[in-house]
>>> print(open('upload.txt').read())   # compact mmCIF, C-alpha atoms
# COMPACT_ATOMS: atom_id res chain seq x y z
CA MET Y 1 -8.82 3.84 10.45
CA LEU Y 2 -11.31 3.67 7.62
CA ALA Y 3 -12.93 0.69 5.93
CA LEU Y 4 -13.90 1.34 2.32
CA GLU Y 5 -15.67 -0.81 -0.23
CA ILE Y 6 -14.36 -0.34 -3.75
CA LYS Y 7 -17.19 0.02 -6.25
CA SER Y 8 -15.23 -0.68 -9.47
CA MET Y 9 -12.70 -3.50 -9.53
CA LYS Y 10 -11.82 -2.66 -13.13
CA ILE Y 11 -10.74 0.89 -12.28
CA LEU Y 12 -8.95 -0.18 -9.10
CA MET Y 13 -6.99 -2.97 -10.77
CA SER Y 14 -6.07 -0.78 -13.72
CA GLN Y 15 -4.72 1.93 -11.40
CA LEU Y 16 -3.04 -0.61 -9.12
CA LEU Y 17 -1.40 -2.97 -11.61
CA THR Y 18 -0.94 -1.16 -14.93
CA GLY Y 19 -0.50 2.49 -13.95
CA ASP Y 20 1.83 4.35 -11.66
CA SER Y 21 -0.87 5.59 -9.26
CA PHE Y 22 0.36 3.52 -6.33
CA ASP Y 23 4.09 4.00 -6.94
CA SER Y 24 4.43 6.09 -3.77
CA PHE Y 25 3.84 2.85 -1.82
CA LEU Y 26 5.99 -0.07 -0.71
CA LEU Y 27 4.84 -3.71 -0.76
CA GLN Y 28 4.84 -5.17 2.75
CA GLU Y 29 2.95 -8.32 1.85
CA ALA Y 30 0.96 -9.94 -0.95
CA VAL Y 31 -1.23 -13.02 -0.71
CA LEU Y 32 -2.78 -14.36 -3.92
CA HIS Y 33 -5.14 -17.29 -4.39
CA THR Y 34 -5.14 -18.34 -8.02
CA ALA Y 35 -4.59 -21.91 -9.28
CA VAL Y 36 -2.10 -22.05 -6.40
CA SER Y 37 -1.59 -19.74 -3.45
CA TYR Y 38 1.29 -17.28 -3.26
CA HIS Y 39 2.48 -15.53 -0.12
CA ILE Y 40 5.02 -12.81 -0.80
CA ASP Y 41 6.93 -11.03 1.94
CA GLY Y 42 7.85 -7.64 0.52
CA ARG Y 43 10.83 -7.20 2.84
CA LEU Y 44 13.99 -6.74 0.77
CA ASN Y 45 16.56 -9.50 0.96
CA LEU Y 46 19.75 -7.48 0.54
CA ASP Y 47 21.86 -10.66 0.55
CA PHE Y 48 20.41 -11.33 -2.92
CA TYR Y 49 22.27 -8.36 -4.36
CA PRO Y 50 26.01 -8.20 -5.07
CA GLU Y 51 27.84 -6.25 -2.37
CA GLU Y 52 28.23 -3.16 -4.57
CA GLU Y 53 24.41 -3.04 -5.00
CA ARG Y 54 23.52 -3.21 -1.30
CA GLY Y 55 23.92 0.45 -0.39
CA GLU Y 56 21.17 2.59 1.08
CA ASP Y 57 21.34 4.77 -2.03
CA LEU Y 58 20.12 1.87 -4.16
CA HIS Y 59 17.75 0.34 -1.58
CA PRO Y 60 16.63 3.05 0.83
CA TYR Y 61 13.54 1.18 2.06
CA GLU Y 62 12.94 -1.93 4.12
CA PHE Y 63 10.27 -3.11 1.66
CA GLN Y 64 10.17 -3.41 -2.12
CA PRO Y 65 8.77 -0.39 -3.94
CA TRP Y 66 5.36 -1.10 -5.47
CA SER Y 67 6.72 0.15 -8.81
CA GLU Y 68 9.10 -2.84 -8.84
CA ALA Y 69 6.56 -5.40 -7.59
CA ARG Y 70 3.45 -4.58 -9.60
CA GLU Y 71 4.60 -6.04 -12.93
CA TYR Y 72 5.38 -9.39 -11.33
CA LEU Y 73 2.09 -9.40 -9.42
CA PHE Y 74 0.21 -8.47 -12.58
CA LEU Y 75 1.69 -11.55 -14.29
CA LEU Y 76 0.48 -13.74 -11.42
CA ILE Y 77 -3.05 -12.27 -11.46
CA ARG Y 78 -3.82 -11.87 -15.15
CA GLY Y 79 -5.37 -14.67 -17.11
CA HIS Y 80 -8.76 -16.07 -17.98
CA ASN Y 81 -9.80 -16.69 -14.38
CA THR Y 82 -10.11 -14.08 -11.67
CA PRO Y 83 -8.21 -14.89 -8.47
CA THR Y 84 -10.50 -16.31 -5.80
CA ALA Y 85 -8.94 -13.91 -3.30
CA PHE Y 86 -5.99 -11.64 -2.74
CA ARG Y 87 -4.61 -9.22 -0.18
CA PHE Y 88 -1.99 -6.52 -0.55
CA VAL Y 89 -0.55 -4.64 2.39
CA LEU Y 90 1.01 -1.44 1.12
CA GLN Y 91 2.92 1.17 3.11
CA LEU Y 92 3.25 4.76 2.01
CA LYS Y 93 6.94 5.49 1.45
CA PRO Y 94 8.33 7.09 4.64
CA ASP Y 95 9.45 10.28 2.89
CA SER Y 96 5.98 10.68 1.30
CA ALA Y 97 4.29 10.00 4.64
CA GLU Y 98 6.41 12.55 6.46
CA ALA Y 99 5.84 15.18 3.77
CA MET Y 100 2.06 14.61 3.83
CA LEU Y 101 1.83 14.83 7.62
CA LYS Y 102 4.03 17.94 7.83
CA LYS Y 103 2.08 19.64 5.04
CA GLU Y 104 -1.19 19.16 6.92
CA LEU Y 105 0.18 20.05 10.34
CA PRO Y 106 3.62 21.73 10.07
CA GLU Y 107 4.06 22.10 13.84
CA GLY Y 108 2.98 18.52 14.59
CA ASP Y 109 5.30 15.92 16.12
CA PHE Y 110 4.94 12.72 14.12
CA SER Y 111 8.09 11.03 15.38
CA GLU Y 112 6.11 8.10 16.82
CA VAL Y 113 4.46 7.28 13.48
CA ARG Y 114 6.13 4.14 12.12
CA SER Y 115 4.09 3.80 8.92
CA LEU Y 116 0.87 4.65 7.10
CA VAL Y 117 -0.63 1.57 5.47
CA ILE Y 118 -3.51 0.26 3.43
CA ASN Y 119 -4.79 -3.29 3.48
CA LEU Y 120 -6.45 -4.06 0.14
CA SER Y 121 -8.48 -7.27 0.16
CA TYR Y 122 -10.53 -9.03 -2.49
CA GLU Y 123 -12.79 -11.96 -1.63
CA ASN Y 124 -16.22 -13.18 -2.74
CA GLY Y 125 -16.28 -10.64 -5.56
CA LYS Y 126 -15.83 -7.64 -3.24
CA ALA Y 127 -12.81 -5.42 -2.69
CA THR Y 128 -12.20 -3.48 0.48
CA ILE Y 129 -9.44 -1.16 1.58
CA THR Y 130 -8.70 -0.50 5.22
CA THR Y 131 -6.38 2.33 6.20
CA GLY Y 132 -4.13 2.11 9.22
CA THR Y 133 -1.39 3.87 11.11
CA SER Y 134 1.40 1.98 12.84
CA TYR Y 135 3.07 3.68 15.80
CA ASN Y 136 6.37 3.00 17.56
CA THR Y 137 4.61 3.20 20.92
CA PHE Y 138 1.17 3.84 22.40
CA VAL Y 139 -0.07 7.35 21.63
CA MET Y 140 -3.07 9.32 22.80
CA ASP Y 141 -3.13 11.71 19.85
CA HIS Y 142 -4.44 10.13 16.65
CA THR Y 143 -4.17 13.20 14.45
CA ALA Y 144 -1.89 11.26 12.08
CA ASP Y 145 -4.69 8.70 11.54
CA GLN Y 146 -7.15 11.43 10.65
CA ILE Y 147 -4.72 13.10 8.25
CA TRP Y 148 -3.96 9.74 6.60
CA ASP Y 149 -7.63 8.80 6.23
CA ARG Y 150 -8.50 12.18 4.75
CA ASN Y 151 -5.58 12.15 2.31
CA PHE Y 152 -6.11 8.55 1.22
CA THR Y 153 -9.80 9.09 0.40
CA ARG Y 154 -8.78 12.24 -1.50
CA PHE Y 155 -6.19 10.14 -3.37
CA LEU Y 156 -8.84 7.60 -4.40
CA GLY Y 157 -11.07 10.40 -5.63
CA LEU Y 158 -8.28 11.98 -7.67
CA LYS Y 159 -7.52 8.60 -9.25
CA GLY Y 160 -11.20 8.05 -10.13
CA ILE Y 161 -11.52 4.98 -7.91
CA PRO Y 162 -15.12 4.91 -6.64
CA PHE Y 163 -15.69 3.77 -3.05
CA GLU Y 164 -18.11 3.97 -0.17
CA LEU Y 165 -17.51 3.91 3.55
CA LEU Y 166 -18.32 0.68 5.36
>>> encode(input="upload.txt", output="structure tokens")
Amino acid sequence: MLALEIKSMKILMSQLLTGDSFDSFLLQEAVLHTAVSYHIDGRLNLDFYPEEERGEDLHPYEFQPWSEAREYLFLLIRGHNTPTAFRFVLQLKPDSAEAMLKKELPEGDFSEVRSLVINLSYENGKATITTGTSYNTFVMDHTADQIWDRNFTRFLGLKGIPFELL
């Protein structure tokens, strides 16, 4: 687990809300404090869709893809006033997570890894991102955490998002 302070909100928000940089993530949760507070559970409600649109082919994930959520969230955030606070919990898509872990350690057993997540928070004019790994059970080996932390900081660098370790 890493805690990072983001040094440029402008770059982060541009990459997060108007570009496709974070489209390999799913939205687990969003909390926004603007003129009113919004709490969004990113879990898909398949009952919303007609029966012919409920298949795993159309909705392969438990949570909404960030690519589908970001436009709506951008509309809630944009305006003359900056939100007083917000938090996004994003999960790397399972197929992307598996590919990343296997690429780094092809012989590794990552079957107990449930998800690789980031918790992006903004409050009092400061943005932080905390990485995390969720497991199905208690594990002694935290190689997956190290791989995730290393790859996520590399991702931020490639996207030009400046940060420093906390």
>>> residues_around(input="upload.txt", residues="Leu105 (chain Y)", least_positions_apart="4", cutoff="10 Å", atoms="only C-alpha atoms", output="PDB file with C-alpha atoms, in the frame of the given file")
ATOM      1  CA  ALA Y  99       5.840  15.180   3.770  1.00  0.00           C
ATOM      2  CA  MET Y 100       2.060  14.610   3.830  1.00  0.00           C
ATOM      3  CA  LEU Y 101       1.830  14.830   7.620  1.00  0.00           C
ATOM      4  CA  ASP Y 109       5.300  15.920  16.120  1.00  0.00           C
ATOM      5  CA  PHE Y 110       4.940  12.720  14.120  1.00  0.00           C
ATOM      6  CA  THR Y 143      -4.170  13.200  14.450  1.00  0.00           C
ATOM      7  CA  ALA Y 144      -1.890  11.260  12.080  1.00  0.00           C
ATOM      8  CA  ILE Y 147      -4.720  13.100   8.250  1.00  0.00           C
TER       9      ILE Y 147
END
>>> closest_residue(input="upload.txt", among="Y:Ser24, Y:Val113, Y:Ile6, Y:Glu52", to="Ile129 (chain Y)", atoms="all atoms listed in the file")
Y:Ile6
>>> atom_distance(input="upload.txt", atom1="CA of Asp141 (chain Y)", atom2="CA of Lys103 (chain Y)")
17.6 Å
>>> residues_around(input="upload.txt", residues="region 42-49 of chain Y", least_positions_apart="3", cutoff="12 Å", atoms="all atoms listed in the file", output="PDB file with C-alpha atoms, in the frame of the given file")
ATOM      1  CA  PHE Y  25       3.840   2.850  -1.820  1.00  0.00           C
ATOM      2  CA  LEU Y  26       5.990  -0.070  -0.710  1.00  0.00           C
ATOM      3  CA  LEU Y  27       4.840  -3.710  -0.760  1.00  0.00           C
ATOM      4  CA  GLN Y  28       4.840  -5.170   2.750  1.00  0.00           C
ATOM      5  CA  GLU Y  29       2.950  -8.320   1.850  1.00  0.00           C
ATOM      6  CA  ALA Y  30       0.960  -9.940  -0.950  1.00  0.00           C
ATOM      7  CA  VAL Y  31      -1.230 -13.020  -0.710  1.00  0.00           C
ATOM      8  CA  HIS Y  39       2.480 -15.530  -0.120  1.00  0.00           C
ATOM      9  CA  GLU Y  52      28.230  -3.160  -4.570  1.00  0.00           C
ATOM     10  CA  GLU Y  53      24.410  -3.040  -5.000  1.00  0.00           C
ATOM     11  CA  ARG Y  54      23.520  -3.210  -1.300  1.00  0.00           C
ATOM     12  CA  GLY Y  55      23.920   0.450  -0.390  1.00  0.00           C
ATOM     13  CA  GLU Y  56      21.170   2.590   1.080  1.00  0.00           C
ATOM     14  CA  LEU Y  58      20.120   1.870  -4.160  1.00  0.00           C
ATOM     15  CA  HIS Y  59      17.750   0.340  -1.580  1.00  0.00           C
ATOM     16  CA  PRO Y  60      16.630   3.050   0.830  1.00  0.00           C
ATOM     17  CA  TYR Y  61      13.540   1.180   2.060  1.00  0.00           C
ATOM     18  CA  GLU Y  62      12.940  -1.930   4.120  1.00  0.00           C
ATOM     19  CA  PHE Y  63      10.270  -3.110   1.660  1.00  0.00           C
ATOM     20  CA  GLN Y  64      10.170  -3.410  -2.120  1.00  0.00           C
ATOM     21  CA  PRO Y  65       8.770  -0.390  -3.940  1.00  0.00           C
ATOM     22  CA  TRP Y  66       5.360  -1.100  -5.470  1.00  0.00           C
ATOM     23  CA  GLU Y  68       9.100  -2.840  -8.840  1.00  0.00           C
ATOM     24  CA  ALA Y  69       6.560  -5.400  -7.590  1.00  0.00           C
ATOM     25  CA  ARG Y  70       3.450  -4.580  -9.600  1.00  0.00           C
ATOM     26  CA  LEU Y  73       2.090  -9.400  -9.420  1.00  0.00           C
ATOM     27  CA  PHE Y  88      -1.990  -6.520  -0.550  1.00  0.00           C
ATOM     28  CA  VAL Y  89      -0.550  -4.640   2.390  1.00  0.00           C
ATOM     29  CA  LEU Y  90       1.010  -1.440   1.120  1.00  0.00           C
ATOM     30  CA  GLN Y  91       2.920   1.170   3.110  1.00  0.00           C
TER      31      GLN Y  91
END
>>> residues_around(input="upload.txt", residues="Pro83 (chain Y)", least_positions_apart="5", cutoff="8 Å", atoms="all atoms listed in the file", output="PDB file with C-alpha atoms, in the coordinates of the input")
ATOM      1  CA  LEU Y  32      -2.780 -14.360  -3.920  1.00  0.00           C
ATOM      2  CA  HIS Y  33      -5.140 -17.290  -4.390  1.00  0.00           C
ATOM      3  CA  THR Y  34      -5.140 -18.340  -8.020  1.00  0.00           C
ATOM      4  CA  ALA Y  35      -4.590 -21.910  -9.280  1.00  0.00           C
ATOM      5  CA  ILE Y  77      -3.050 -12.270 -11.460  1.00  0.00           C
TER       6      ILE Y  77
END
>>> atom_distance(input="upload.txt", atom1="CA of Leu120 (chain Y)", atom2="CA of Asp149 (chain Y)")
14.3 Å
>>> atom_distance(input="upload.txt", atom1="CA of Lys7 (chain Y)", atom2="CA of Glu164 (chain Y)")
7.3 Å
>>> residues_near_point(input="upload.txt", point="(-13.9, 0.7, -1.2)", cutoff="12 Å", atoms="all atoms listed in the file", output="PDB file with C-alpha atoms, keeping the file's coordinate frame")
ATOM      1  CA  LEU Y   2     -11.310   3.670   7.620  1.00  0.00           C
ATOM      2  CA  ALA Y   3     -12.930   0.690   5.930  1.00  0.00           C
ATOM      3  CA  LEU Y   4     -13.900   1.340   2.320  1.00  0.00           C
ATOM      4  CA  GLU Y   5     -15.670  -0.810  -0.230  1.00  0.00           C
ATOM      5  CA  ILE Y   6     -14.360  -0.340  -3.750  1.00  0.00           C
ATOM      6  CA  LYS Y   7     -17.190   0.020  -6.250  1.00  0.00           C
ATOM      7  CA  SER Y   8     -15.230  -0.680  -9.470  1.00  0.00           C
ATOM      8  CA  MET Y   9     -12.700  -3.500  -9.530  1.00  0.00           C
ATOM      9  CA  ILE Y  11     -10.740   0.890 -12.280  1.00  0.00           C
ATOM     10  CA  LEU Y  12      -8.950  -0.180  -9.100  1.00  0.00           C
ATOM     11  CA  ILE Y 118      -3.510   0.260   3.430  1.00  0.00           C
ATOM     12  CA  ASN Y 119      -4.790  -3.290   3.480  1.00  0.00           C
ATOM     13  CA  LEU Y 120      -6.450  -4.060   0.140  1.00  0.00           C
ATOM     14  CA  SER Y 121      -8.480  -7.270   0.160  1.00  0.00           C
ATOM     15  CA  TYR Y 122     -10.530  -9.030  -2.490  1.00  0.00           C
ATOM     16  CA  LYS Y 126     -15.830  -7.640  -3.240  1.00  0.00           C
ATOM     17  CA  ALA Y 127     -12.810  -5.420  -2.690  1.00  0.00           C
ATOM     18  CA  THR Y 128     -12.200  -3.480   0.480  1.00  0.00           C
ATOM     19  CA  ILE Y 129      -9.440  -1.160   1.580  1.00  0.00           C
ATOM     20  CA  THR Y 130      -8.700  -0.500   5.220  1.00  0.00           C
ATOM     21  CA  THR Y 131      -6.380   2.330   6.200  1.00  0.00           C
ATOM     22  CA  PHE Y 152      -6.110   8.550   1.220  1.00  0.00           C
ATOM     23  CA  THR Y 153      -9.800   9.090   0.400  1.00  0.00           C
ATOM     24  CA  LEU Y 156      -8.840   7.600  -4.400  1.00  0.00           C
ATOM     25  CA  GLY Y 157     -11.070  10.400  -5.630  1.00  0.00           C
ATOM     26  CA  GLY Y 160     -11.200   8.050 -10.130  1.00  0.00           C
ATOM     27  CA  ILE Y 161     -11.520   4.980  -7.910  1.00  0.00           C
ATOM     28  CA  PRO Y 162     -15.120   4.910  -6.640  1.00  0.00           C
ATOM     29  CA  PHE Y 163     -15.690   3.770  -3.050  1.00  0.00           C
ATOM     30  CA  GLU Y 164     -18.110   3.970  -0.170  1.00  0.00           C
ATOM     31  CA  LEU Y 165     -17.510   3.910   3.550  1.00  0.00           C
ATOM     32  CA  LEU Y 166     -18.320   0.680   5.360  1.00  0.00           C
TER      33      LEU Y 166
END
>>> closest_residue(input="upload.txt", among="Y:Ser37, Y:Met1, Y:Thr82, Y:Ser21", to="Leu116 (chain Y)", atoms="all atoms listed in the file")
Y:Met1
>>> closest_residue(input="upload.txt", among="Y:Leu76, Y:Thr137, Y:Glu112, Y:Ser67", to="Phe22 (chain Y)", atoms="all atoms listed in the file")
Y:Ser67
>>> decode(input="upload.txt", residues="region 11-30 of chain Y", atoms="N, CA and C atoms", output="PDB file, in the first residue's frame")
ATOM      1  N   ILE Y  11      -3.789  18.543 -13.815  1.00  0.00           N
ATOM      2  CA  ILE Y  11      -3.395  17.403 -14.647  1.00  0.00           C
ATOM      3  C   ILE Y  11      -4.182  16.160 -14.249  1.00  0.00           C
ATOM      4  N   LEU Y  12      -4.288  15.912 -12.950  1.00  0.00           N
ATOM      5  CA  LEU Y  12      -5.027  14.736 -12.489  1.00  0.00           C
ATOM      6  C   LEU Y  12      -6.467  14.758 -12.986  1.00  0.00           C
ATOM      7  N   MET Y  13      -7.157  15.872 -12.787  1.00  0.00           N
ATOM      8  CA  MET Y  13      -8.571  15.932 -13.143  1.00  0.00           C
ATOM      9  C   MET Y  13      -8.768  15.852 -14.658  1.00  0.00           C
ATOM     10  N   SER Y  14      -7.854  16.423 -15.405  1.00  0.00           N
ATOM     11  CA  SER Y  14      -7.930  16.308 -16.861  1.00  0.00           C
ATOM     12  C   SER Y  14      -7.793  14.850 -17.280  1.00  0.00           C
ATOM     13  N   GLN Y  15      -6.808  14.154 -16.743  1.00  0.00           N
ATOM     14  CA  GLN Y  15      -6.609  12.743 -17.085  1.00  0.00           C
ATOM     15  C   GLN Y  15      -7.778  11.889 -16.596  1.00  0.00           C
ATOM     16  N   LEU Y  16      -8.286  12.207 -15.427  1.00  0.00           N
ATOM     17  CA  LEU Y  16      -9.341  11.399 -14.800  1.00  0.00           C
ATOM     18  C   LEU Y  16     -10.700  11.585 -15.472  1.00  0.00           C
ATOM     19  N   LEU Y  17     -11.073  12.842 -15.742  1.00  0.00           N
ATOM     20  CA  LEU Y  17     -12.445  13.130 -16.154  1.00  0.00           C
ATOM     21  C   LEU Y  17     -12.646  13.434 -17.641  1.00  0.00           C
ATOM     22  N   THR Y  18     -11.597  13.838 -18.345  1.00  0.00           N
ATOM     23  CA  THR Y  18     -11.809  14.198 -19.751  1.00  0.00           C
ATOM     24  C   THR Y  18     -11.020  13.318 -20.708  1.00  0.00           C
ATOM     25  N   GLY Y  19     -10.109  12.526 -20.216  1.00  0.00           N
ATOM     26  CA  GLY Y  19      -9.344  11.621 -21.073  1.00  0.00           C
ATOM     27  C   GLY Y  19      -9.698  10.179 -20.786  1.00  0.00           C
ATOM     28  N   ASP Y  20      -9.037   9.287 -21.489  1.00  0.00           N
ATOM     29  CA  ASP Y  20      -9.317   7.866 -21.307  1.00  0.00           C
ATOM     30  C   ASP Y  20      -8.254   7.163 -20.454  1.00  0.00           C
ATOM     31  N   SER Y  21      -7.431   7.920 -19.765  1.00  0.00           N
ATOM     32  CA  SER Y  21      -6.317   7.352 -19.000  1.00  0.00           C
ATOM     33  C   SER Y  21      -6.746   6.320 -17.961  1.00  0.00           C
ATOM     34  N   PHE Y  22      -7.886   6.522 -17.348  1.00  0.00           N
ATOM     35  CA  PHE Y  22      -8.328   5.638 -16.271  1.00  0.00           C
ATOM     36  C   PHE Y  22      -9.398   4.639 -16.736  1.00  0.00           C
ATOM     37  N   ASP Y  23      -9.529   4.456 -18.039  1.00  0.00           N
ATOM     38  CA  ASP Y  23     -10.573   3.580 -18.563  1.00  0.00           C
ATOM     39  C   ASP Y  23     -10.322   2.097 -18.307  1.00  0.00           C
ATOM     40  N   SER Y  24      -9.166   1.738 -17.777  1.00  0.00           N
ATOM     41  CA  SER Y  24      -8.929   0.337 -17.406  1.00  0.00           C
ATOM     42  C   SER Y  24      -9.408   0.060 -15.976  1.00  0.00           C
ATOM     43  N   PHE Y  25     -10.152   1.024 -15.405  1.00  0.00           N
ATOM     44  CA  PHE Y  25     -10.669   0.894 -14.044  1.00  0.00           C
ATOM     45  C   PHE Y  25     -12.186   0.779 -14.041  1.00  0.00           C
ATOM     46  N   LEU Y  26     -12.693   0.285 -12.928  1.00  0.00           N
ATOM     47  CA  LEU Y  26     -14.122   0.221 -12.641  1.00  0.00           C
ATOM     48  C   LEU Y  26     -14.410   1.139 -11.468  1.00  0.00           C
ATOM     49  N   LEU Y  27     -15.595   1.730 -11.435  1.00  0.00           N
ATOM     50  CA  LEU Y  27     -15.995   2.603 -10.330  1.00  0.00           C
ATOM     51  C   LEU Y  27     -16.678   1.778  -9.245  1.00  0.00           C
ATOM     52  N   GLN Y  28     -16.021   1.648  -8.100  1.00  0.00           N
ATOM     53  CA  GLN Y  28     -16.661   0.974  -6.963  1.00  0.00           C
ATOM     54  C   GLN Y  28     -17.552   1.947  -6.200  1.00  0.00           C
ATOM     55  N   GLU Y  29     -17.038   3.175  -6.020  1.00  0.00           N
ATOM     56  CA  GLU Y  29     -17.785   4.139  -5.219  1.00  0.00           C
ATOM     57  C   GLU Y  29     -17.324   5.548  -5.555  1.00  0.00           C
ATOM     58  N   ALA Y  30     -18.244   6.495  -5.499  1.00  0.00           N
ATOM     59  CA  ALA Y  30     -17.918   7.909  -5.631  1.00  0.00           C
ATOM     60  C   ALA Y  30     -18.699   8.676  -4.570  1.00  0.00           C
TER      61      ALA Y  30
END
